[in-house]
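One structure is given here, and the rest of the page talks about it.
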Amino acid sequence: MATNYKDIGFVNTKEMFKKAFEGKYAIPAFNFNNLEQIQAVINGCGESKSPVILQVSSGARKYADQTMLRYMAEGAMQMAKEKGYNIPVALHLDHGDTYELCVSCIESGFSSVMIDGSHHPYEKNIELTRKVVEYAHKYDVSVEGELGVLAGIEDDVVAAKSIYTQPDEVEDFVSRTGVDSLAISIGTSHGAFKFKPEQCTKNKDGVLVPPPLRFDILEEIEKRIPGFPIVLHGASSVLPEYVNLINNNGGALEAAVGIPAEQLRKAAKSAVCKINIDSDGRLVVTGMIRKIFAEKPEEFDPRKYLGPARDELTKMIIDKNTHVLGSAGRA
């Protein structure tokens with residue numbers, strides 16, 4: 001039997017995005033794969049009084065089991081209620097690539113889904129996205145589409161143009177599909193290695209600084225679809241302190257570079273209403289676990305290393321909401 005997300009207590013993203021656009025901040029969208037991650041997300045957003053989007057990828061569903069993840073999200077809602085966290089929470093499918101996957105998530109209680117048809121030709125992307133929208137809107141589930149491919153910045157202009165979102169297409173895409181938000185490509189990319197070292201410069205502290213995001217493309221898109229919610233994927237900052245924590249405790253993350261926090265804050269003050277963060281959370285958890293193993297090689301109780309990792313992730317989330325996305329205090 002299909003589950004209605006409203007019965008669980010989730011909300012769709014429409015009202016979230018309306019308030020974010022008006023308030024010039026972005027909703028944090030944090031991916032989770034296990035118990036400690038979702039505890040940290042709820043605690044971090046609850047303590048900072050921030051709305052939040054819990055994100056589940058198709059890979060996470062395979063890793064942790066789709067039923068288990070759904071009930072973890074439902075349990076997180078109950079935990080938030082018991083702790084007095086009165087924050088809006090959406091449960092979102094991240095990078096759904098098929099109609100069937102989106103339908104499965106909607107029927108299991110998701111309040112929002114992303115259909116990523118960006119790997120298809122333009123017309124096929126429209127056809128697939130519209131099909132998902134038509135199904136999702138029957139159940140008041142919001143839909144995120146994508147134009148442009150997030151594969152990092154290439155060295156030559158032609159490759160860059162092939163992955164950046166083309167402003168000429170956005171109005172047509174949004175009107176023909178009926179999506180509720182649009183993920184665009186303006187220079188962000190997935191993973192911890194978003195830029196090649198030769199693309200970056202070094203600041204006074206010796207930290208690699210990547211080229212700026214293409215705010216000119218974002219501004220042109222805003223003109224074409226004024227007031228429409230925009231989404232940034234691949235927007236982790238790849239926090240240097242946690243990269244160093246990993247490398248100082250046996251890791252080998254050389255030249256890991258992300259998006260500077262000040263650029264994300266600038267984006268959050270525009271039409272960007274949702275910013276996805278996944279890699280930073282992974283770095284925090286991995287760094288803390290490596291540190292504990294290095295300092296206490298005799299430790300074998302998962303609670304003794306996963307617990308501190310969870311607590312550090314909670315701190316990172318509060319900081320992101322407060323200083324980068326501007327969502328703290330907006331619940």
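Residue numbers start at 1 in each chain; chains themselves are named A, B, ... in the order of the structure tokens; ligands are numbered from 1 in the order shown.
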
How close does segment 66-144 of chain A get to segment 178-187 of chain A? List, as CSV, each residue of segment 66-144 of chain A within 7 Å, its nearest atom pair and the distance in Å to one decimal, counting only C-alpha atoms.
residue,atom,partner,partner_atom,distance
A:Arg130,CA,A:Gly178,CA,6.6
A:Val133,CA,A:Val179,CA,6.3
A:Ser142,CA,A:Asp180,CA,6.0
A:Val143,CA,A:Asp180,CA,5.4
A:Glu144,CA,A:Ser181,CA,4.8

>> With only C-alpha atoms as the counted atoms, please give the residues lying no more than 7 Å from segment 271-283 of chain A, apart from itself and same-chain residues fewer than 5 positions off, as a VMD selection string.
In response: chain A and resid 17 20 to 21 25 to 31 191 to 192 222 227 to 239 242 to 243 313

Show which residues sit within 10 Å of Asp172 of chain A, as an mmCIF file with N, CA and C atoms, in the first residue's frame. Count only C-alpha atoms, and ignore same-chain residues fewer than 3 positions away.
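Here's the written file result.cif:
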data_model
loop_
_atom_site.group_PDB
_atom_site.id
_atom_site.type_symbol
_atom_site.label_atom_id
_atom_site.label_comp_id
_atom_site.auth_asym_id
_atom_site.auth_seq_id
_atom_site.Cartn_x
_atom_site.Cartn_y
_atom_site.Cartn_z
ATOM 1 N N ILE A 126 13.090 16.327 -21.533
ATOM 2 C CA ILE A 126 11.777 16.945 -21.332
ATOM 3 C C ILE A 126 10.690 15.887 -21.202
ATOM 4 N N PRO A 167 21.245 29.116 -20.758
ATOM 5 C CA PRO A 167 20.089 29.947 -20.384
ATOM 6 C C PRO A 167 18.974 29.953 -21.427
ATOM 7 N N ASP A 168 19.331 29.789 -22.702
ATOM 8 C CA ASP A 168 18.318 29.799 -23.760
ATOM 9 C C ASP A 168 17.303 28.666 -23.611
ATOM 10 N N GLU A 169 17.679 27.607 -22.882
ATOM 11 C CA GLU A 169 16.813 26.433 -22.783
ATOM 12 C C GLU A 169 15.903 26.426 -21.556
ATOM 13 N N SER A 175 8.619 25.414 -18.686
ATOM 14 C CA SER A 175 7.222 25.536 -19.113
ATOM 15 C C SER A 175 6.687 24.225 -19.671
ATOM 16 N N ARG A 176 7.526 23.459 -20.344
ATOM 17 C CA ARG A 176 7.059 22.210 -20.963
ATOM 18 C C ARG A 176 7.037 21.027 -19.999
ATOM 19 N N THR A 177 7.819 21.095 -18.935
ATOM 20 C CA THR A 177 7.852 19.966 -17.993
ATOM 21 C C THR A 177 6.976 20.190 -16.769
ATOM 22 N N ARG A 224 15.469 34.868 -17.194
ATOM 23 C CA ARG A 224 14.590 34.062 -18.056
ATOM 24 C C ARG A 224 13.419 33.463 -17.279
ATOM 25 N N ILE A 225 13.677 33.054 -16.040
ATOM 26 C CA ILE A 225 12.604 32.447 -15.217
ATOM 27 C C ILE A 225 12.597 33.136 -13.847
#

>> Residues within 7 Å of segment 85-101 of chain A, please, as a PyMOL selection string. Count only C-alpha atoms; anything in the same chain fewer than 6 positions from it doesn't count.
In response: chain A and resi 10-13+46+49-58+110-117+132+331

> Looking only at the backbone, which of the residues in segment 92-302 of chain A does DSSP tag as helix (DSSP H, G or I), as an MDAnalysis selection string?
Replying inline: chainID A and resid 99:107 122:139 157:163 167:177 197:199 215:224 240:247 261:268 279:295 302

>> Taking only C-alpha atoms into account, name the residue in A:Leu253, A:Gln199, A:Ile42, A:Leu150 that is nearest to Gln78 of chain A.
In response: A:Ile42

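Candidate residues A:Thr165, A:Asn33, A:Thr314, A:Gly109 were compared for distance to Gly9 of chain A, and the nearest is A:Gly109, using only C-alpha atoms.
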
> Which residue gives the smallest distance to Gln263 of chain A among A:His190, A:Lys81, A:Arg214, A:Arg330, with only C-alpha atoms counted?
Replying inline: A:Arg214

>> Neighbouring residues of Pro308 of chain A were defined as those with any atom within 9 Å, considering only C-alpha atoms; residues of the same chain fewer than 2 positions away were excluded. Please report them as a PyMOL selection string.
In response: chain A and resi 285+288-289+292+303-306+310-313

Can you spit out the residues from that selection as a short mmCIF file (atom, residue, chain, number, x, y, z; two decimals), in the first residue's frame, using C-alpha atoms?
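Generated file (part26.cif):
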data_model
loop_
_atom_site.label_atom_id
_atom_site.label_comp_id
_atom_site.auth_asym_id
_atom_site.auth_seq_id
_atom_site.Cartn_x
_atom_site.Cartn_y
_atom_site.Cartn_z
CA VAL A 285 32.90 11.45 9.44
CA MET A 288 36.98 11.78 12.94
CA ILE A 289 37.04 8.01 12.56
CA ILE A 292 40.17 8.01 16.76
CA ARG A 303 29.78 3.62 19.23
CA LYS A 304 33.14 4.99 20.37
CA TYR A 305 34.10 6.21 16.88
CA LEU A 306 30.74 6.66 15.14
CA ARG A 310 28.15 12.06 14.44
CA ASP A 311 28.73 14.88 16.95
CA GLU A 312 31.34 16.53 14.73
CA LEU A 313 29.00 16.28 11.76
#

>> Applying 8 Å and only C-alpha atoms, which residues near Asn321 of chain A remain after dropping the ones on its own chain fewer than 4 positions away? List them as a list in words.
In response: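 Answer for this query is Pro28, Cys45, Ser48, Ser50, Ile317, Leu325, Gly326, Ser327 and Ala328 of chain A.
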
> Which one is closest to Asp319 of chain A: A:Pro226, A:Pro210, A:Gly44, A:Pro302? Count only C-alpha atoms.
Replying inline: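 Once distances to Asp319 of chain A are computed over only C-alpha atoms, the minimum belongs to A:Gly44.
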
Residue list (strand (DSSP E or B), DSSP) for segment 4-78 of chain A, as a compact mmCIF listing (two decimals) with C-alpha atoms, in the first residue's frame:
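Output file out.txt follows:
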# COMPACT_ATOMS: atom_id res chain seq x y z
CA ILE A 27 17.60 25.22 2.21
CA PRO A 28 20.29 22.68 3.13
CA ALA A 29 19.91 19.32 1.42
CA PHE A 30 21.99 16.73 3.26
CA ASN A 31 22.44 13.16 2.01
CA VAL A 52 16.02 20.77 5.95
CA ILE A 53 15.78 18.38 3.03
CA LEU A 54 16.79 14.81 3.82
CA GLN A 55 18.26 13.35 0.64
CA VAL A 56 18.42 9.72 -0.40
CA SER A 57 20.27 8.67 -3.53

> At what distance in Å, to one decimal, does atom CA of Glu298 of chain A lie from atom CA of Phe32 of chain A?
Replying inline: 28.1 Å
